[in-house]
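Enquirer: I'd like to ask some things about the structure below.
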Amino acid sequence: MRILVLADIHSNWPALAAIQEPFDACLFVGDLVDYGADPVPCVNWVRKHASVAVRGNHDHAVAQRIPVKKDNGLHRLAAATRPLHWKLLSPSQMKYLVRLPVTRRVTLDGKRFYLVHATPRDPFDEYLRDDKAEWSERLQAIDADFVLVGHTHLPYCLSLDRATVINPGSVGQPRDGDPRCAYAIIENGRVELRRVTYDITATLKQMRNSGIDEDTLALAEAVLKSGGRMESADLERWTKHVNALPETRDPTADQSSIDPSLVMTEPSVNDTEVLPLLPTNGADDQTEEFVLPPKPDNLADTVALELPPAKVPHRE
Ligand SMILES: [Fe+2]
């Protein structure tokens with residue numbers, strides 16, 4: 001069985017559409033929306049193709065209509081794009097986001113998978129890199145062969161005594177210095193972290209057409225083209241825009257002098273004003289033994305990834 005693992009799509013349709021992998025099952029570990037300007041085809045695709053999906057902090061914030069209160073770093077990008085999501089997403093799509101469970105356990109091909117966006121300790125906010133000791137501590141109560149996570153936008157595969165932790169990296173906003181879209185394939189227990197180039201210009205054009213202001217577009221361009229490495233030269237352009245720095249500022253100045261508040265960190269759900277919750281219908285922490293139905297012998301082992309047309313996102 002060939003399993004496609006996706007995380008952190010962030011409304012970046014050209015990035016998602018660039019993944020042309022055959023798969024038997026798709027597992028999605030959260031952050032379908034925010035940051036990008038093309039949520040409709042992304043939500044439609046995941047609804048149609050993901051066998052199992054969990055909610056990320058951005059899905060939660062969009063679905064619960066939580067406004068962004070800060071205006072630094074990535075908060076600015078979320079602040080510019082979130083209201084657009086509320087305009088573009090249909091009630092049915094919003095309901096899909098709000099009903100996504102926080103964690104899921106599934107069994108596929110005899111392997112037990114545990115899905116959570118950030119960590120079991122804090123499913124929305126904890127930012128944990130590929131630290132074996134830290135992950136071993138988090139997994140003490142988790143019985144699984146594979147633990148699938150996202151949130152950091154950094155791809156890794158950690159083999160621990162209790163489980164293999166896989167972060168496929170981010171589809172729509174990589175932050176490991178490689179701007180290509182990231183995902184993972186698990187086949188017969190073997191894990192492969194993969195990358196594919198996508199049309200970043202198309203993503204930015206779509207954002208501009210959606211009415212995103214030029215300063216925020218400059219930030220999005222810096223983030224996407226540098227693969228999330230804000231020390232890139234583009235950061236200078238963005239900081240100049242946002243902070244209205246004097247023209248005399250030395251553009252070759254040491255990047256370490258940049259205000260740490262401008263360095264990218266993931267906006268926390270707790271940083272935002274919490275409005276009354278929409279009902280989740282008890283969908284959190286669902287546990288399910290998920291087994292794919294057997295295929296007739298005359299069908300291929302894998303099914304092709306069917307992507308809706310990029311230019312004409314369909315609505316429900
Ligand atoms: Fe994310």
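Residues in the structure tokens are numbered from 1 in each chain, the chains being A, B, ... in the order shown, and ligands are numbered from 1 in the order shown.
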Please, which residues have at least one atom within 7 Å of an atom of ligand 1, using only C-alpha atoms and all ligand atoms, listed as an mmCIF file with N, CA and C atoms, in the first residue's frame?

Expert:
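selection_39.cif written:
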data_model
loop_
_atom_site.group_PDB
_atom_site.id
_atom_site.type_symbol
_atom_site.label_atom_id
_atom_site.label_comp_id
_atom_site.auth_asym_id
_atom_site.auth_seq_id
_atom_site.Cartn_x
_atom_site.Cartn_y
_atom_site.Cartn_z
ATOM 1 N N ASP A 8 0.181 21.021 6.289
ATOM 2 C CA ASP A 8 0.419 22.459 6.120
ATOM 3 C C ASP A 8 0.321 22.921 4.658
ATOM 4 N N HIS A 10 -1.924 25.173 3.619
ATOM 5 C CA HIS A 10 -2.068 26.627 3.753
ATOM 6 C C HIS A 10 -2.598 27.324 2.493
ATOM 7 N N ASP A 31 -3.628 22.079 9.064
ATOM 8 C CA ASP A 31 -3.307 23.371 8.458
ATOM 9 C C ASP A 31 -3.538 23.345 6.948
ATOM 10 N N HIS A 58 -4.376 26.549 12.388
ATOM 11 C CA HIS A 58 -4.948 27.523 11.444
ATOM 12 C C HIS A 58 -6.353 27.117 10.986
ATOM 13 N N HIS A 151 2.983 21.149 11.515
ATOM 14 C CA HIS A 151 3.127 22.343 12.341
ATOM 15 C C HIS A 151 4.458 23.085 12.191
ATOM 16 N N THR A 152 5.600 22.391 12.279
ATOM 17 C CA THR A 152 6.883 23.114 12.195
ATOM 18 C C THR A 152 7.224 23.484 10.756
ATOM 19 N N HIS A 153 6.596 22.837 9.793
ATOM 20 C CA HIS A 153 6.907 23.021 8.375
ATOM 21 C C HIS A 153 8.333 22.547 8.062
#

Enquirer: Could you pull out the strand (DSSP E) residues of segment 77-110 of chain A from DSSP and send them as a short mmCIF file (atom, residue, chain, number, x, y, z; two decimals) with C-alpha atoms, in the first residue's frame?

Expert:
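Final output, saved to states.cif:
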data_model
loop_
_atom_site.label_atom_id
_atom_site.label_comp_id
_atom_site.auth_asym_id
_atom_site.auth_seq_id
_atom_site.Cartn_x
_atom_site.Cartn_y
_atom_site.Cartn_z
CA THR A 103 -6.27 13.54 16.77
CA ARG A 104 -7.01 10.32 14.93
CA ARG A 105 -5.79 6.76 15.16
CA VAL A 106 -6.09 4.61 12.08
CA THR A 107 -4.82 1.23 11.02
CA LEU A 108 -3.75 0.86 7.40
#

Enquirer: Using only C-alpha atoms, can you tell me which of A:Lys205, A:Ile9, A:Glu192, A:Leu224 comes closest to Pro179 of chain A?

Expert: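 Ranked by minimum distance to Pro179 of chain A, first place goes to A:Leu224.
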
Enquirer: Would you pick out the contacts of Thr164 of chain A at 7 Å or less, using only C-alpha atoms, so that residues sharing its chain but fewer than 4 positions from it are not included, and give the list as number ranges by chain?

Expert: A: 145-147, 157-160

Enquirer: Take the residues from that selection and put them in a file with N, CA and C atoms, as a PDB file, in the first residue's frame.

Expert:
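The resulting file, again_22.pdb, is shown below:
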ATOM      1  N   ASP A 145       2.600   2.589  15.311  1.00  0.00           N
ATOM      2  CA  ASP A 145       3.821   2.309  14.555  1.00  0.00           C
ATOM      3  C   ASP A 145       4.367   3.603  13.949  1.00  0.00           C
ATOM      4  N   PHE A 146       3.438   4.459  13.505  1.00  0.00           N
ATOM      5  CA  PHE A 146       3.835   5.743  12.922  1.00  0.00           C
ATOM      6  C   PHE A 146       3.064   6.881  13.594  1.00  0.00           C
ATOM      7  N   VAL A 147       3.782   7.930  13.964  1.00  0.00           N
ATOM      8  CA  VAL A 147       3.140   9.146  14.479  1.00  0.00           C
ATOM      9  C   VAL A 147       3.351  10.217  13.406  1.00  0.00           C
ATOM     10  N   CYS A 157      12.120  12.487   9.671  1.00  0.00           N
ATOM     11  CA  CYS A 157      11.649  11.144   9.967  1.00  0.00           C
ATOM     12  C   CYS A 157      12.526  10.633  11.099  1.00  0.00           C
ATOM     13  N   LEU A 158      11.917  10.396  12.250  1.00  0.00           N
ATOM     14  CA  LEU A 158      12.660  10.017  13.459  1.00  0.00           C
ATOM     15  C   LEU A 158      12.284   8.603  13.869  1.00  0.00           C
ATOM     16  N   SER A 159      13.249   7.700  13.907  1.00  0.00           N
ATOM     17  CA  SER A 159      12.957   6.333  14.357  1.00  0.00           C
ATOM     18  C   SER A 159      13.212   6.238  15.854  1.00  0.00           C
ATOM     19  N   LEU A 160      12.146   5.985  16.590  1.00  0.00           N
ATOM     20  CA  LEU A 160      12.264   5.866  18.040  1.00  0.00           C
ATOM     21  C   LEU A 160      11.854   4.460  18.453  1.00  0.00           C
TER      22      LEU A 160
END

Enquirer: State, in Å with one decimal place, the distance from atom CA of Val52 of chain A to atom CA of Gly150 of chain A.

Expert: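 Value for the atom CA of Val52 of chain A-atom CA of Gly150 of chain A distance: 14.3 Å.
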
Enquirer: If you run DSSP on the backbone here, which positions in segment 153-227 of chain A get alpha helix (DSSP H)? Please write them as a list in words.

Expert: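 In segment 153-227 of chain A, DSSP puts these residues in alpha helix (DSSP H): Ile200, Thr201, Ala202, Thr203, Leu204, Lys205, Gln206, Met207, Arg208, Asn209, Glu214, Asp215, Thr216, Leu217, Ala218, Leu219, Ala220, Glu221, Ala222, Val223, Leu224 and Lys225 of chain A.
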
Enquirer: Could those selected residues go to a file with N, CA and C atoms, as a PDB file, in the first residue's frame?

Expert:
ATOM      1  N   ILE A 200       5.546  29.172  -7.868  1.00  0.00           N
ATOM      2  CA  ILE A 200       5.370  30.152  -6.788  1.00  0.00           C
ATOM      3  C   ILE A 200       4.780  31.454  -7.346  1.00  0.00           C
ATOM      4  N   THR A 201       5.165  31.789  -8.578  1.00  0.00           N
ATOM      5  CA  THR A 201       4.645  33.011  -9.191  1.00  0.00           C
ATOM      6  C   THR A 201       3.117  32.951  -9.311  1.00  0.00           C
ATOM      7  N   ALA A 202       2.610  31.761  -9.631  1.00  0.00           N
ATOM      8  CA  ALA A 202       1.149  31.612  -9.753  1.00  0.00           C
ATOM      9  C   ALA A 202       0.475  31.825  -8.399  1.00  0.00           C
ATOM     10  N   THR A 203       1.122  31.328  -7.346  1.00  0.00           N
ATOM     11  CA  THR A 203       0.580  31.512  -5.989  1.00  0.00           C
ATOM     12  C   THR A 203       0.524  33.000  -5.642  1.00  0.00           C
ATOM     13  N   LEU A 204       1.612  33.714  -5.927  1.00  0.00           N
ATOM     14  CA  LEU A 204       1.674  35.143  -5.597  1.00  0.00           C
ATOM     15  C   LEU A 204       0.696  35.952  -6.456  1.00  0.00           C
ATOM     16  N   LYS A 205       0.571  35.533  -7.709  1.00  0.00           N
ATOM     17  CA  LYS A 205      -0.356  36.233  -8.612  1.00  0.00           C
ATOM     18  C   LYS A 205      -1.791  36.075  -8.100  1.00  0.00           C
ATOM     19  N   GLN A 206      -2.091  34.874  -7.667  1.00  0.00           N
ATOM     20  CA  GLN A 206      -3.431  34.610  -7.153  1.00  0.00           C
ATOM     21  C   GLN A 206      -3.687  35.460  -5.902  1.00  0.00           C
ATOM     22  N   MET A 207      -2.649  35.623  -5.070  1.00  0.00           N
ATOM     23  CA  MET A 207      -2.793  36.454  -3.864  1.00  0.00           C
ATOM     24  C   MET A 207      -3.027  37.910  -4.248  1.00  0.00           C
ATOM     25  N   ARG A 208      -2.268  38.379  -5.227  1.00  0.00           N
ATOM     26  CA  ARG A 208      -2.430  39.782  -5.659  1.00  0.00           C
ATOM     27  C   ARG A 208      -3.842  39.999  -6.217  1.00  0.00           C
ATOM     28  N   ASN A 209      -4.295  39.034  -7.033  1.00  0.00           N
ATOM     29  CA  ASN A 209      -5.644  39.149  -7.611  1.00  0.00           C
ATOM     30  C   ASN A 209      -6.735  39.121  -6.539  1.00  0.00           C
ATOM     31  N   GLU A 214       0.431  45.164  -1.118  1.00  0.00           N
ATOM     32  CA  GLU A 214       1.786  44.957  -1.633  1.00  0.00           C
ATOM     33  C   GLU A 214       2.790  44.598  -0.545  1.00  0.00           C
ATOM     34  N   ASP A 215       2.673  45.195   0.645  1.00  0.00           N
ATOM     35  CA  ASP A 215       3.613  44.875   1.722  1.00  0.00           C
ATOM     36  C   ASP A 215       3.486  43.418   2.142  1.00  0.00           C
ATOM     37  N   THR A 216       2.247  42.974   2.258  1.00  0.00           N
ATOM     38  CA  THR A 216       2.029  41.580   2.659  1.00  0.00           C
ATOM     39  C   THR A 216       2.476  40.637   1.549  1.00  0.00           C
ATOM     40  N   LEU A 217       2.273  41.066   0.298  1.00  0.00           N
ATOM     41  CA  LEU A 217       2.739  40.252  -0.826  1.00  0.00           C
ATOM     42  C   LEU A 217       4.258  40.112  -0.806  1.00  0.00           C
ATOM     43  N   ALA A 218       4.938  41.201  -0.424  1.00  0.00           N
ATOM     44  CA  ALA A 218       6.403  41.146  -0.340  1.00  0.00           C
ATOM     45  C   ALA A 218       6.830  40.142   0.731  1.00  0.00           C
ATOM     46  N   LEU A 219       6.093  40.102   1.831  1.00  0.00           N
ATOM     47  CA  LEU A 219       6.385  39.118   2.881  1.00  0.00           C
ATOM     48  C   LEU A 219       6.150  37.699   2.355  1.00  0.00           C
ATOM     49  N   ALA A 220       5.001  37.502   1.687  1.00  0.00           N
ATOM     50  CA  ALA A 220       4.678  36.167   1.165  1.00  0.00           C
ATOM     51  C   ALA A 220       5.744  35.720   0.169  1.00  0.00           C
ATOM     52  N   GLU A 221       6.191  36.646  -0.666  1.00  0.00           N
ATOM     53  CA  GLU A 221       7.209  36.313  -1.661  1.00  0.00           C
ATOM     54  C   GLU A 221       8.517  35.911  -0.970  1.00  0.00           C
ATOM     55  N   ALA A 222       8.882  36.674   0.077  1.00  0.00           N
ATOM     56  CA  ALA A 222      10.119  36.358   0.809  1.00  0.00           C
ATOM     57  C   ALA A 222      10.028  34.979   1.459  1.00  0.00           C
ATOM     58  N   VAL A 223       8.892  34.704   2.062  1.00  0.00           N
ATOM     59  CA  VAL A 223       8.715  33.419   2.752  1.00  0.00           C
ATOM     60  C   VAL A 223       8.750  32.263   1.753  1.00  0.00           C
ATOM     61  N   LEU A 224       7.974  32.397   0.669  1.00  0.00           N
ATOM     62  CA  LEU A 224       7.842  31.284  -0.276  1.00  0.00           C
ATOM     63  C   LEU A 224       9.115  31.060  -1.086  1.00  0.00           C
ATOM     64  N   LYS A 225       9.729  32.138  -1.544  1.00  0.00           N
ATOM     65  CA  LYS A 225      10.908  31.963  -2.404  1.00  0.00           C
ATOM     66  C   LYS A 225      12.159  31.572  -1.627  1.00  0.00           C
TER      67      LYS A 225
END

Enquirer: Counting only C-alpha atoms, figure out which residue out of A:Cys181, A:Val54, A:Ala80, A:Ala17 gets nearest to Val149 of chain A.

Expert: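 The shortest atom-to-atom distance to Val149 of chain A comes from A:Val54.
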
Enquirer: Please compute the atom CA of Arg180 of chain A-atom CA of Gly227 of chain A distance, one decimal, in Å.

Expert: 7.3 Å

Enquirer: Counting only C-alpha atoms, which residue out of A:Thr119, A:Ser210, A:Ser51, A:Ser226 sits closest to Pro174 of chain A?

Expert: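 Looking only at the distances to Pro174 of chain A, the closest residue turns out to be A:Ser226.
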
Enquirer: Interatomic distance between atom CA of Met94 of chain A and atom CA of Val62 of chain A?

Expert: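 Going from atom CA of Met94 of chain A over to atom CA of Val62 of chain A covers 8.0 Å.
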
Enquirer: I want to know what sits within 12 Å of Leu89 of chain A, based on only C-alpha atoms, with residues of the same chain fewer than 6 positions away left out; could you give that as an mmCIF file with C-alpha atoms, in the first residue's frame?

Expert:
data_model
loop_
_atom_site.group_PDB
_atom_site.id
_atom_site.type_symbol
_atom_site.label_atom_id
_atom_site.label_comp_id
_atom_site.auth_asym_id
_atom_site.auth_seq_id
_atom_site.Cartn_x
_atom_site.Cartn_y
_atom_site.Cartn_z
ATOM 1 C CA SER A 11 -4.398 27.449 0.858
ATOM 2 C CA VAL A 33 -5.956 26.984 5.299
ATOM 3 C CA ASP A 34 -4.584 30.484 6.149
ATOM 4 C CA ALA A 37 -5.437 32.998 -0.892
ATOM 5 C CA ASP A 38 -6.833 29.928 -2.632
ATOM 6 C CA PRO A 39 -8.562 27.859 0.042
ATOM 7 C CA VAL A 40 -11.520 26.570 -1.994
ATOM 8 C CA PRO A 41 -9.784 24.023 -4.256
ATOM 9 C CA CYS A 42 -7.505 22.991 -1.372
ATOM 10 C CA VAL A 43 -10.427 22.229 0.944
ATOM 11 C CA ASN A 44 -12.287 20.466 -1.861
ATOM 12 C CA ASP A 59 -7.932 25.345 10.500
ATOM 13 C CA VAL A 62 -10.376 30.044 10.514
ATOM 14 C CA ALA A 63 -13.253 27.730 11.378
ATOM 15 C CA ARG A 65 -13.626 32.888 13.141
ATOM 16 C CA ARG A 82 -7.949 35.004 7.096
ATOM 17 C CA PRO A 83 -10.831 37.403 6.342
ATOM 18 C CA LYS A 95 -18.269 23.081 8.710
ATOM 19 C CA TYR A 96 -15.772 20.574 7.335
ATOM 20 C CA LEU A 97 -12.905 22.488 8.997
ATOM 21 C CA PRO A 313 -11.752 26.020 -8.499
ATOM 22 C CA HIS A 314 -15.136 24.408 -8.102
ATOM 23 C CA ARG A 315 -17.489 25.242 -5.319
ATOM 24 C CA GLU A 316 -20.053 23.063 -3.694
#

Enquirer: Got a sec: who's within 12 Å of Asp122 of chain A, counting only C-alpha atoms, leaving out chain neighbours fewer than 3 positions off, as a ChimeraX atom specification?

Expert: /A:56-57,102-103,116-119,125-128,138,149,151,268-270
